[in-house]
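Colleague: For reference, this is query-v7.cif, and it has mmCIF, N, CA and C atoms.
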```cif
data_final
loop_
_atom_site.label_atom_id
_atom_site.label_comp_id
_atom_site.auth_asym_id
_atom_site.auth_seq_id
_atom_site.Cartn_x
_atom_site.Cartn_y
_atom_site.Cartn_z
N MET A 21 0.57 -13.15 -20.89
CA MET A 21 0.37 -13.53 -19.50
C MET A 21 0.27 -15.04 -19.32
N LYS A 22 0.09 -15.77 -20.39
CA LYS A 22 -0.02 -17.22 -20.27
C LYS A 22 1.26 -17.82 -19.68
N ASN A 23 2.44 -17.18 -19.92
CA ASN A 23 3.68 -17.73 -19.39
C ASN A 23 3.83 -17.50 -17.88
N TRP A 24 2.93 -16.76 -17.24
CA TRP A 24 2.96 -16.54 -15.80
C TRP A 24 2.19 -17.63 -15.05
N ILE A 25 1.43 -18.45 -15.75
CA ILE A 25 0.66 -19.51 -15.08
C ILE A 25 1.63 -20.49 -14.43
N GLY A 26 1.35 -20.80 -13.15
CA GLY A 26 2.21 -21.69 -12.38
C GLY A 26 3.31 -20.96 -11.62
N ARG A 27 3.44 -19.66 -11.79
CA ARG A 27 4.47 -18.87 -11.11
C ARG A 27 3.88 -18.22 -9.87
N ARG A 28 4.73 -18.03 -8.83
CA ARG A 28 4.30 -17.35 -7.60
C ARG A 28 4.34 -15.84 -7.82
N VAL A 29 3.24 -15.18 -7.47
CA VAL A 29 3.10 -13.75 -7.70
C VAL A 29 2.52 -13.04 -6.49
N THR A 30 2.71 -11.72 -6.46
CA THR A 30 2.02 -10.83 -5.53
C THR A 30 1.14 -9.93 -6.37
N ILE A 31 -0.13 -9.82 -6.00
CA ILE A 31 -1.08 -9.01 -6.76
C ILE A 31 -1.63 -7.92 -5.85
N LEU A 32 -1.51 -6.67 -6.29
CA LEU A 32 -2.12 -5.55 -5.59
C LEU A 32 -3.48 -5.31 -6.21
N CYS A 33 -4.50 -5.26 -5.36
CA CYS A 33 -5.87 -5.12 -5.84
C CYS A 33 -6.45 -3.77 -5.45
N ASN A 34 -7.52 -3.42 -6.12
CA ASN A 34 -8.19 -2.14 -5.95
C ASN A 34 -9.32 -2.21 -4.93
N ASP A 35 -9.71 -3.40 -4.51
CA ASP A 35 -10.86 -3.51 -3.60
C ASP A 35 -10.40 -3.56 -2.14
N LYS A 36 -11.32 -3.32 -1.22
CA LYS A 36 -11.01 -3.27 0.21
C LYS A 36 -10.77 -4.67 0.79
N LEU A 37 -11.41 -5.70 0.25
CA LEU A 37 -11.31 -7.04 0.80
C LEU A 37 -9.94 -7.66 0.55
N HIS A 38 -9.41 -7.51 -0.65
CA HIS A 38 -8.12 -8.10 -1.00
C HIS A 38 -7.20 -6.99 -1.48
N SER A 39 -6.54 -6.28 -0.58
CA SER A 39 -5.66 -5.21 -1.02
C SER A 39 -4.36 -5.77 -1.59
N ARG A 40 -3.85 -6.85 -1.01
CA ARG A 40 -2.63 -7.49 -1.51
C ARG A 40 -2.74 -8.98 -1.25
N VAL A 41 -2.54 -9.77 -2.29
CA VAL A 41 -2.60 -11.22 -2.14
C VAL A 41 -1.38 -11.84 -2.79
N LYS A 42 -0.93 -12.95 -2.21
CA LYS A 42 0.19 -13.72 -2.75
C LYS A 42 -0.29 -15.12 -3.05
N GLY A 43 0.28 -15.72 -4.04
CA GLY A 43 -0.07 -17.10 -4.36
C GLY A 43 0.44 -17.50 -5.72
N THR A 44 0.01 -18.64 -6.18
CA THR A 44 0.39 -19.16 -7.49
C THR A 44 -0.70 -18.84 -8.49
N LEU A 45 -0.32 -18.23 -9.59
CA LEU A 45 -1.28 -17.90 -10.64
C LEU A 45 -1.69 -19.20 -11.33
N ARG A 46 -2.94 -19.62 -11.13
CA ARG A 46 -3.40 -20.91 -11.65
C ARG A 46 -4.10 -20.80 -12.99
N LYS A 47 -4.84 -19.71 -13.22
CA LYS A 47 -5.61 -19.60 -14.46
C LYS A 47 -5.73 -18.14 -14.84
N TRP A 48 -5.69 -17.89 -16.14
CA TRP A 48 -5.81 -16.55 -16.71
C TRP A 48 -6.85 -16.63 -17.82
N ASP A 49 -8.02 -16.04 -17.61
CA ASP A 49 -9.09 -16.11 -18.59
C ASP A 49 -9.37 -14.73 -19.18
N GLU A 50 -8.81 -14.48 -20.37
CA GLU A 50 -8.97 -13.16 -21.00
C GLU A 50 -10.40 -12.94 -21.48
N HIS A 51 -11.08 -13.99 -21.90
CA HIS A 51 -12.43 -13.86 -22.42
C HIS A 51 -13.41 -13.39 -21.33
N ASN A 52 -13.35 -14.02 -20.15
CA ASN A 52 -14.24 -13.65 -19.04
C ASN A 52 -13.64 -12.58 -18.13
N GLU A 53 -12.40 -12.18 -18.38
CA GLU A 53 -11.68 -11.13 -17.67
C GLU A 53 -11.55 -11.39 -16.17
N TRP A 54 -10.93 -12.52 -15.83
CA TRP A 54 -10.61 -12.82 -14.45
C TRP A 54 -9.41 -13.76 -14.40
N LEU A 55 -8.82 -13.88 -13.20
CA LEU A 55 -7.72 -14.81 -12.99
C LEU A 55 -7.95 -15.54 -11.68
N VAL A 56 -7.33 -16.71 -11.55
CA VAL A 56 -7.47 -17.53 -10.36
C VAL A 56 -6.10 -17.64 -9.71
N LEU A 57 -6.06 -17.36 -8.40
CA LEU A 57 -4.82 -17.40 -7.64
C LEU A 57 -4.93 -18.49 -6.58
N GLY A 58 -3.96 -19.40 -6.57
CA GLY A 58 -3.96 -20.49 -5.59
C GLY A 58 -3.16 -20.11 -4.37
N PRO A 59 -3.20 -20.89 -3.33
CA PRO A 59 -3.69 -22.25 -3.23
C PRO A 59 -5.18 -22.36 -2.95
N HIS A 60 -5.88 -21.25 -2.68
CA HIS A 60 -7.29 -21.33 -2.31
C HIS A 60 -8.23 -20.99 -3.46
N ASP A 61 -7.74 -20.99 -4.68
CA ASP A 61 -8.53 -20.70 -5.88
C ASP A 61 -9.33 -19.40 -5.74
N LEU A 62 -8.63 -18.35 -5.39
CA LEU A 62 -9.23 -17.03 -5.26
C LEU A 62 -9.42 -16.44 -6.66
N LYS A 63 -10.65 -16.07 -6.99
CA LYS A 63 -10.99 -15.56 -8.31
C LYS A 63 -11.00 -14.03 -8.25
N LEU A 64 -10.14 -13.38 -9.06
CA LEU A 64 -10.03 -11.92 -9.07
C LEU A 64 -10.38 -11.37 -10.45
N PRO A 65 -11.31 -10.42 -10.54
CA PRO A 65 -11.60 -9.80 -11.83
C PRO A 65 -10.48 -8.86 -12.25
N PHE A 66 -10.24 -8.76 -13.56
CA PHE A 66 -9.17 -7.90 -14.08
C PHE A 66 -9.34 -6.45 -13.62
N GLY A 67 -10.56 -5.98 -13.51
CA GLY A 67 -10.80 -4.59 -13.13
C GLY A 67 -10.31 -4.25 -11.73
N GLU A 68 -10.14 -5.24 -10.87
CA GLU A 68 -9.68 -5.01 -9.51
C GLU A 68 -8.17 -5.11 -9.37
N VAL A 69 -7.47 -5.63 -10.37
CA VAL A 69 -6.02 -5.85 -10.30
C VAL A 69 -5.29 -4.57 -10.68
N CYS A 70 -4.41 -4.10 -9.76
CA CYS A 70 -3.59 -2.91 -10.05
C CYS A 70 -2.24 -3.32 -10.63
N THR A 71 -1.51 -4.20 -9.93
CA THR A 71 -0.21 -4.66 -10.41
C THR A 71 -0.03 -6.14 -10.08
N ILE A 72 0.81 -6.79 -10.87
CA ILE A 72 1.19 -8.18 -10.63
C ILE A 72 2.71 -8.22 -10.67
N ARG A 73 3.31 -8.80 -9.61
CA ARG A 73 4.77 -8.92 -9.54
C ARG A 73 5.14 -10.36 -9.27
N LEU A 74 6.21 -10.82 -9.91
CA LEU A 74 6.71 -12.16 -9.66
C LEU A 74 7.45 -12.20 -8.33
N LEU A 75 7.27 -13.28 -7.56
CA LEU A 75 8.03 -13.50 -6.35
C LEU A 75 9.32 -14.21 -6.70
N PRO A 76 10.37 -14.05 -5.91
CA PRO A 76 11.61 -14.77 -6.18
C PRO A 76 11.40 -16.28 -6.17
N GLU A 77 12.15 -16.97 -7.00
CA GLU A 77 12.02 -18.43 -7.09
C GLU A 77 12.46 -19.11 -5.81
N GLY A 78 11.73 -20.11 -5.39
CA GLY A 78 12.11 -20.97 -4.28
C GLY A 78 11.83 -20.44 -2.89
N LYS A 79 11.36 -19.20 -2.79
CA LYS A 79 11.07 -18.68 -1.46
C LYS A 79 10.03 -17.58 -1.57
N ASN A 80 9.41 -17.28 -0.45
CA ASN A 80 8.46 -16.17 -0.41
C ASN A 80 9.23 -14.88 -0.23
N ALA A 81 8.78 -13.84 -0.86
CA ALA A 81 9.39 -12.53 -0.69
C ALA A 81 8.98 -11.98 0.68
N PRO A 82 9.88 -11.26 1.32
CA PRO A 82 9.50 -10.69 2.62
C PRO A 82 8.43 -9.63 2.43
N ASP A 83 7.55 -9.53 3.41
CA ASP A 83 6.53 -8.49 3.36
C ASP A 83 7.18 -7.12 3.49
N ALA A 84 6.51 -6.14 2.95
CA ALA A 84 7.02 -4.78 3.07
C ALA A 84 6.93 -4.35 4.53
N ALA A 85 7.97 -3.66 4.98
CA ALA A 85 8.02 -3.16 6.35
C ALA A 85 8.49 -1.72 6.32
N PRO A 86 8.04 -0.91 7.26
CA PRO A 86 8.48 0.49 7.27
C PRO A 86 9.98 0.60 7.53
N HIS A 87 10.63 1.50 6.83
CA HIS A 87 12.04 1.78 7.01
C HIS A 87 12.24 2.38 8.40
N SER A 88 13.37 2.13 9.03
CA SER A 88 13.61 2.63 10.38
C SER A 88 13.81 4.15 10.41
N VAL A 89 14.16 4.75 9.28
CA VAL A 89 14.39 6.19 9.21
C VAL A 89 13.25 6.83 8.42
N GLY A 90 12.69 7.91 8.96
CA GLY A 90 11.61 8.61 8.28
C GLY A 90 12.08 9.94 7.72
N TYR A 91 11.22 10.60 6.98
CA TYR A 91 11.55 11.94 6.48
C TYR A 91 10.35 12.86 6.69
N ILE A 92 10.67 14.14 6.83
CA ILE A 92 9.64 15.14 7.09
C ILE A 92 8.94 15.49 5.79
N MET A 93 7.62 15.44 5.81
CA MET A 93 6.83 15.77 4.63
C MET A 93 6.60 17.28 4.57
N LYS A 94 6.92 17.87 3.41
CA LYS A 94 6.73 19.30 3.22
C LYS A 94 5.96 19.61 1.94
N ASP A 95 6.11 18.76 0.95
CA ASP A 95 5.53 18.99 -0.37
C ASP A 95 4.14 18.37 -0.47
N LYS A 96 3.26 18.97 -1.26
CA LYS A 96 1.90 18.47 -1.47
C LYS A 96 1.92 17.03 -1.99
N ARG A 97 2.85 16.73 -2.89
CA ARG A 97 2.93 15.39 -3.49
C ARG A 97 3.27 14.34 -2.44
N GLN A 98 4.09 14.69 -1.47
CA GLN A 98 4.42 13.74 -0.40
C GLN A 98 3.18 13.40 0.42
N PHE A 99 2.36 14.39 0.72
CA PHE A 99 1.11 14.13 1.44
C PHE A 99 0.15 13.31 0.58
N ASP A 100 0.07 13.64 -0.72
CA ASP A 100 -0.79 12.87 -1.63
C ASP A 100 -0.38 11.40 -1.64
N ASN A 101 0.92 11.13 -1.74
CA ASN A 101 1.41 9.75 -1.77
C ASN A 101 1.17 9.04 -0.45
N ALA A 102 1.32 9.74 0.67
CA ALA A 102 1.06 9.11 1.97
C ALA A 102 -0.41 8.70 2.09
N VAL A 103 -1.32 9.53 1.56
CA VAL A 103 -2.75 9.19 1.57
C VAL A 103 -3.00 8.01 0.63
N LEU A 104 -2.45 8.09 -0.58
CA LEU A 104 -2.68 7.06 -1.60
C LEU A 104 -2.18 5.69 -1.17
N PHE A 105 -0.97 5.63 -0.61
CA PHE A 105 -0.36 4.35 -0.28
C PHE A 105 -0.60 3.90 1.16
N GLY A 106 -1.30 4.70 1.95
CA GLY A 106 -1.57 4.32 3.33
C GLY A 106 -0.32 4.20 4.17
N SER A 107 0.65 5.08 3.94
CA SER A 107 1.92 5.03 4.66
C SER A 107 1.75 5.35 6.13
N GLU A 108 2.64 4.80 6.95
CA GLU A 108 2.63 5.10 8.37
C GLU A 108 3.23 6.48 8.59
N VAL A 109 2.54 7.31 9.35
CA VAL A 109 2.96 8.69 9.58
C VAL A 109 3.01 8.95 11.07
N MET A 110 4.03 9.69 11.50
CA MET A 110 4.11 10.17 12.87
C MET A 110 3.83 11.66 12.85
N ILE A 111 3.03 12.13 13.78
CA ILE A 111 2.71 13.55 13.89
C ILE A 111 3.36 14.07 15.18
N TRP A 112 4.23 15.06 15.03
CA TRP A 112 4.93 15.68 16.15
C TRP A 112 4.45 17.11 16.31
N ARG A 113 4.18 17.53 17.53
CA ARG A 113 3.92 18.93 17.85
C ARG A 113 5.03 19.34 18.80
N LYS A 114 5.99 20.11 18.27
CA LYS A 114 7.25 20.46 18.96
C LYS A 114 7.96 19.17 19.34
N ASP A 115 8.14 18.88 20.64
CA ASP A 115 8.83 17.65 21.04
C ASP A 115 7.86 16.59 21.56
N ARG A 116 6.59 16.77 21.32
CA ARG A 116 5.56 15.82 21.78
C ARG A 116 5.03 15.00 20.61
N LEU A 117 5.01 13.68 20.77
CA LEU A 117 4.48 12.79 19.74
C LEU A 117 2.96 12.72 19.89
N GLU A 118 2.25 13.23 18.89
CA GLU A 118 0.78 13.26 18.92
C GLU A 118 0.16 12.00 18.34
N ALA A 119 0.79 11.44 17.30
CA ALA A 119 0.25 10.24 16.65
C ALA A 119 1.42 9.39 16.15
N TYR A 120 1.35 8.10 16.41
CA TYR A 120 2.39 7.17 16.00
C TYR A 120 1.77 6.09 15.12
N ARG A 121 2.37 5.80 14.00
CA ARG A 121 1.86 4.80 13.05
C ARG A 121 0.43 5.09 12.61
N ALA A 122 0.16 6.35 12.40
CA ALA A 122 -1.17 6.76 11.93
C ALA A 122 -1.18 6.76 10.41
N THR A 123 -2.36 6.68 9.83
CA THR A 123 -2.50 6.82 8.38
C THR A 123 -3.35 8.04 8.08
N LEU A 124 -2.97 8.73 7.02
CA LEU A 124 -3.71 9.92 6.62
C LEU A 124 -4.89 9.54 5.76
N SER A 125 -6.04 10.14 6.03
CA SER A 125 -7.20 9.90 5.17
C SER A 125 -7.35 11.02 4.15
N SER A 126 -6.90 12.25 4.51
CA SER A 126 -6.96 13.37 3.57
C SER A 126 -6.08 14.50 4.08
N HIS A 127 -5.88 15.48 3.20
CA HIS A 127 -5.14 16.68 3.58
C HIS A 127 -5.54 17.81 2.65
N ASN A 128 -5.29 19.03 3.09
CA ASN A 128 -5.44 20.20 2.23
C ASN A 128 -4.27 21.12 2.52
N ALA A 129 -4.31 22.36 2.08
CA ALA A 129 -3.18 23.26 2.25
C ALA A 129 -2.86 23.55 3.71
N GLU A 130 -3.86 23.53 4.59
CA GLU A 130 -3.64 23.89 5.99
C GLU A 130 -3.65 22.72 6.97
N THR A 131 -4.38 21.64 6.67
CA THR A 131 -4.57 20.58 7.66
C THR A 131 -4.31 19.19 7.08
N VAL A 132 -4.09 18.26 8.01
CA VAL A 132 -4.05 16.83 7.68
C VAL A 132 -5.10 16.14 8.55
N THR A 133 -5.79 15.17 8.00
CA THR A 133 -6.80 14.41 8.73
C THR A 133 -6.37 12.95 8.77
N LEU A 134 -6.33 12.39 9.97
CA LEU A 134 -5.96 10.99 10.15
C LEU A 134 -7.16 10.10 9.93
N SER A 135 -6.90 8.81 9.74
CA SER A 135 -7.98 7.85 9.50
C SER A 135 -8.91 7.71 10.70
N ASP A 136 -8.44 8.06 11.90
CA ASP A 136 -9.31 7.99 13.07
C ASP A 136 -10.11 9.27 13.29
N GLY A 137 -9.98 10.24 12.37
CA GLY A 137 -10.78 11.46 12.43
C GLY A 137 -10.09 12.67 13.03
N ARG A 138 -8.94 12.49 13.67
CA ARG A 138 -8.24 13.63 14.25
C ARG A 138 -7.67 14.51 13.15
N THR A 139 -7.70 15.82 13.39
CA THR A 139 -7.20 16.79 12.42
C THR A 139 -6.10 17.63 13.07
N PHE A 140 -5.01 17.85 12.31
CA PHE A 140 -3.89 18.66 12.78
C PHE A 140 -3.58 19.73 11.75
N ARG A 141 -3.20 20.92 12.23
CA ARG A 141 -2.78 21.99 11.34
C ARG A 141 -1.33 21.77 10.95
N LYS A 142 -1.02 21.86 9.66
CA LYS A 142 0.34 21.64 9.17
C LYS A 142 1.32 22.65 9.74
N ALA A 143 0.89 23.87 9.99
CA ALA A 143 1.78 24.91 10.50
C ALA A 143 2.19 24.64 11.95
N GLU A 144 1.39 23.89 12.68
CA GLU A 144 1.66 23.64 14.10
C GLU A 144 2.34 22.31 14.38
N CYS A 145 2.47 21.46 13.37
CA CYS A 145 3.03 20.13 13.61
C CYS A 145 4.00 19.74 12.50
N THR A 146 4.73 18.67 12.77
CA THR A 146 5.65 18.09 11.80
C THR A 146 5.16 16.68 11.49
N CYS A 147 5.01 16.38 10.21
CA CYS A 147 4.57 15.05 9.77
C CYS A 147 5.76 14.29 9.24
N VAL A 148 6.04 13.14 9.85
CA VAL A 148 7.17 12.31 9.45
C VAL A 148 6.63 11.00 8.90
N VAL A 149 7.04 10.65 7.68
CA VAL A 149 6.58 9.41 7.04
C VAL A 149 7.76 8.46 6.92
N ARG A 150 7.46 7.19 7.03
CA ARG A 150 8.49 6.15 6.86
C ARG A 150 8.18 5.37 5.60
N SER A 151 9.12 5.34 4.67
CA SER A 151 8.91 4.62 3.42
C SER A 151 8.94 3.11 3.69
N LEU A 152 8.38 2.35 2.75
CA LEU A 152 8.33 0.89 2.89
C LEU A 152 9.54 0.26 2.22
N ARG A 153 10.06 -0.78 2.84
CA ARG A 153 11.14 -1.57 2.27
C ARG A 153 10.60 -2.96 2.03
N GLY A 154 10.97 -3.57 0.93
CA GLY A 154 10.49 -4.91 0.61
C GLY A 154 9.42 -4.85 -0.44
N MET A 155 8.86 -6.00 -0.76
CA MET A 155 7.84 -6.10 -1.78
C MET A 155 6.47 -5.93 -1.20
N LEU A 156 5.63 -5.17 -1.88
CA LEU A 156 4.24 -5.03 -1.48
C LEU A 156 3.45 -6.23 -1.90
#
```
Have the structure of the file written as structure tokens, please.

Modeller:
Amino acid sequence: MKNWIGRRVTILCNDKLHSRVKGTLRKWDEHNEWLVLGPHDLKLPFGEVCTIRLLPEGKNAPDAAPHSVGYIMKDKRQFDNAVLFGSEVMIWRKDRLEAYRATLSSHNAETVTLSDGRTFRKAECTCVVRSLRGML
């Protein structure tokens, strides 16, 4: 990891305060188990870092944005991933849009629960998720 010092990176974190940060990797301290990300000298412990990705040279990578086309979620794994990644979900009941750009907080075999607390039965609605394009 020493060869990443001075390179622009995107870091996905496990904590609520810094879910995704971009900057220049300034310091990597294996002994104390933390790294420093510039330009504001943000100190991140190794335990909070999920992934580190290099940004393209000479420019900032575009932020991830939802794809314009969505797909209908039917499989348990699709619902699990939507909860895990905080994907934007639309909830349709027949031809009526019940929720737009909502995030799922949980689901089970019969229901989905949105982050705002609303609950919908899977048998009565259609859940459409839009995948992300770009770098996280």

Colleague: Is it possible to get the residues within 7 Å of (11.1, 4.3, 9.6) (coordinates as in the file, counting only N, CA and C atoms) written as a ChimeraX atom specification?

Modeller: /A:86-91,149-151

Colleague: Using N, CA and C atoms, can you export the residues from the last selection as a CSV table (one decimal), in the coordinates of the input?

Modeller:
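Once everything was written out, this is selection.csv:
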```csv
chain,number,residue,atom,x,y,z
A,86,PRO,N,8.0,-0.9,7.3
A,86,PRO,CA,8.5,0.5,7.3
A,86,PRO,C,10.0,0.6,7.5
A,87,HIS,N,10.6,1.5,6.8
A,87,HIS,CA,12.0,1.8,7.0
A,87,HIS,C,12.2,2.4,8.4
A,88,SER,N,13.4,2.1,9.0
A,88,SER,CA,13.6,2.6,10.4
A,88,SER,C,13.8,4.2,10.4
A,89,VAL,N,14.2,4.8,9.3
A,89,VAL,CA,14.4,6.2,9.2
A,89,VAL,C,13.2,6.8,8.4
A,90,GLY,N,12.7,7.9,9.0
A,90,GLY,CA,11.6,8.6,8.3
A,90,GLY,C,12.1,9.9,7.7
A,91,TYR,N,11.2,10.6,7.0
A,91,TYR,CA,11.6,11.9,6.5
A,91,TYR,C,10.4,12.9,6.7
A,149,VAL,N,7.0,10.6,7.7
A,149,VAL,CA,6.6,9.4,7.0
A,149,VAL,C,7.8,8.5,6.9
A,150,ARG,N,7.5,7.2,7.0
A,150,ARG,CA,8.5,6.2,6.9
A,150,ARG,C,8.2,5.4,5.6
A,151,SER,N,9.1,5.3,4.7
A,151,SER,CA,8.9,4.6,3.4
A,151,SER,C,8.9,3.1,3.7
```

Colleague: Near segment 93-109 of chain A, counting only C-alpha atoms, which residues have an atom at most 6 Å away, once you skip same-chain residues fewer than 4 positions from it, shown as a list of chain:residue names?

Modeller: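 My reading of the contact set: A:Arg121, A:Ala122, A:Thr123, A:Leu124, A:Ser125, A:Cys147, A:Val148, A:Val149.
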
Colleague: Could you write out, as a list of chain:residue names, all the residues of chain A that DSSP marks as alpha helix (DSSP H)?

Modeller: A:Lys96, A:Arg97, A:Gln98, A:Phe99, A:Asp100, A:Asn101, A:Ala102, A:Val103, A:Leu104, A:Phe105

Colleague: In Å, rounded to a single decimal, give me how far atom C of Val69 of chain A is from atom CA of Gly137 of chain A.

Modeller: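 Computing the Euclidean distance for atom CA of Gly137 of chain A and atom C of Val69 of chain A yields 28.7 Å.
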
Colleague: Hey, could you pull the box centre and edge lengths for segment 94-111 of chain A, axis-aligned, 5 Å padding per side, all listed atoms, to one decimal in Å, as AutoDock Vina command-line options?

Modeller:
```
--center_x 2.0 --center_y 11.8 --center_z 5.8 --size_x 19.9 --size_y 25.7 --size_z 28.7
```

Colleague: Please, what distance in Å, to one decimal, runs between atom CA of His51 of chain A and atom CA of Phe66 of chain A?

Modeller: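 If I compute the distance from atom CA of His51 of chain A to atom CA of Phe66 of chain A, I get 10.8 Å.
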
Colleague: Name the residues captured by the PyMOL selection byres (((chain A and resi 26 and name CA) around 12) and name CA) when it is applied to the shown file; answer as a tab-separated table (two decimals) with N, CA and C atoms, in the frame of the given file.

Modeller:
```tsv
chain	number	residue	atom	x	y	z
A	21	MET	N	0.57	-13.15	-20.89
A	21	MET	CA	0.37	-13.53	-19.50
A	21	MET	C	0.27	-15.04	-19.32
A	22	LYS	N	0.09	-15.77	-20.39
A	22	LYS	CA	-0.02	-17.22	-20.27
A	22	LYS	C	1.26	-17.82	-19.68
A	23	ASN	N	2.44	-17.18	-19.92
A	23	ASN	CA	3.68	-17.73	-19.39
A	23	ASN	C	3.83	-17.50	-17.88
A	24	TRP	N	2.93	-16.76	-17.24
A	24	TRP	CA	2.96	-16.54	-15.80
A	24	TRP	C	2.19	-17.63	-15.05
A	25	ILE	N	1.43	-18.45	-15.75
A	25	ILE	CA	0.66	-19.51	-15.08
A	25	ILE	C	1.63	-20.49	-14.43
A	27	ARG	N	3.44	-19.66	-11.79
A	27	ARG	CA	4.47	-18.87	-11.11
A	27	ARG	C	3.88	-18.22	-9.87
A	28	ARG	N	4.73	-18.03	-8.83
A	28	ARG	CA	4.30	-17.35	-7.60
A	28	ARG	C	4.34	-15.84	-7.82
A	29	VAL	N	3.24	-15.18	-7.47
A	29	VAL	CA	3.10	-13.75	-7.70
A	29	VAL	C	2.52	-13.04	-6.49
A	43	GLY	N	0.28	-15.72	-4.04
A	43	GLY	CA	-0.07	-17.10	-4.36
A	43	GLY	C	0.44	-17.50	-5.72
A	44	THR	N	0.01	-18.64	-6.18
A	44	THR	CA	0.39	-19.16	-7.49
A	44	THR	C	-0.70	-18.84	-8.49
A	45	LEU	N	-0.32	-18.23	-9.59
A	45	LEU	CA	-1.28	-17.90	-10.64
A	45	LEU	C	-1.69	-19.20	-11.33
A	46	ARG	N	-2.94	-19.62	-11.13
A	46	ARG	CA	-3.40	-20.91	-11.65
A	46	ARG	C	-4.10	-20.80	-12.99
A	47	LYS	N	-4.84	-19.71	-13.22
A	47	LYS	CA	-5.61	-19.60	-14.46
A	47	LYS	C	-5.73	-18.14	-14.84
A	48	TRP	N	-5.69	-17.89	-16.14
A	48	TRP	CA	-5.81	-16.55	-16.71
A	48	TRP	C	-6.85	-16.63	-17.82
A	56	VAL	N	-7.33	-16.71	-11.55
A	56	VAL	CA	-7.47	-17.53	-10.36
A	56	VAL	C	-6.10	-17.64	-9.71
A	57	LEU	N	-6.06	-17.36	-8.40
A	57	LEU	CA	-4.82	-17.40	-7.64
A	57	LEU	C	-4.93	-18.49	-6.58
A	58	GLY	N	-3.96	-19.40	-6.57
A	58	GLY	CA	-3.96	-20.49	-5.59
A	58	GLY	C	-3.16	-20.11	-4.37
A	59	PRO	N	-3.20	-20.89	-3.33
A	59	PRO	CA	-3.69	-22.25	-3.23
A	59	PRO	C	-5.18	-22.36	-2.95
A	74	LEU	N	6.21	-10.82	-9.91
A	74	LEU	CA	6.71	-12.16	-9.66
A	74	LEU	C	7.45	-12.20	-8.33
A	75	LEU	N	7.27	-13.28	-7.56
A	75	LEU	CA	8.03	-13.50	-6.35
A	75	LEU	C	9.32	-14.21	-6.70
A	77	GLU	N	12.15	-16.97	-7.00
A	77	GLU	CA	12.02	-18.43	-7.09
A	77	GLU	C	12.46	-19.11	-5.81
```

Colleague: Carefully work through the PyMOL selection byres ((chain A and resi 32) around 8) for this structure and note down the residues it includes, as a list of chain:residue names.

Modeller: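 Evaluating the PyMOL selection byres ((chain A and resi 32) around 8) on these coordinates yields A:Val29, A:Thr30, A:Ile31, A:Cys33, A:Asn34, A:Asp35, A:His38, A:Ser39, A:Arg40, A:Val41, A:Lys42, A:Glu68, A:Val69, A:Cys70, A:Thr71, A:Ile72, A:Arg73, A:Leu156.
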
Colleague: DSSP on the backbone, strand (DSSP E) only: what residues of segment 22-88 of chain A does that give? Format it as a ChimeraX atom specification.

Modeller: /A:28-33,40-49,54-58,62-65,69-74,85-86

Colleague: Just give me the gap between atom N of Thr131 of chain A and atom CA of Leu117 of chain A in Å, one decimal is fine.

Modeller: 18.1 Å

Colleague: Under the rule that only C-alpha atoms are counted, which of A:Ser126, A:Thr146, A:Thr133, A:Thr139 is the nearest residue to Met110 of chain A?

Modeller: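 Between A:Ser126, A:Thr146, A:Thr133, A:Thr139, the residue approaching Met110 of chain A most closely is A:Thr146.
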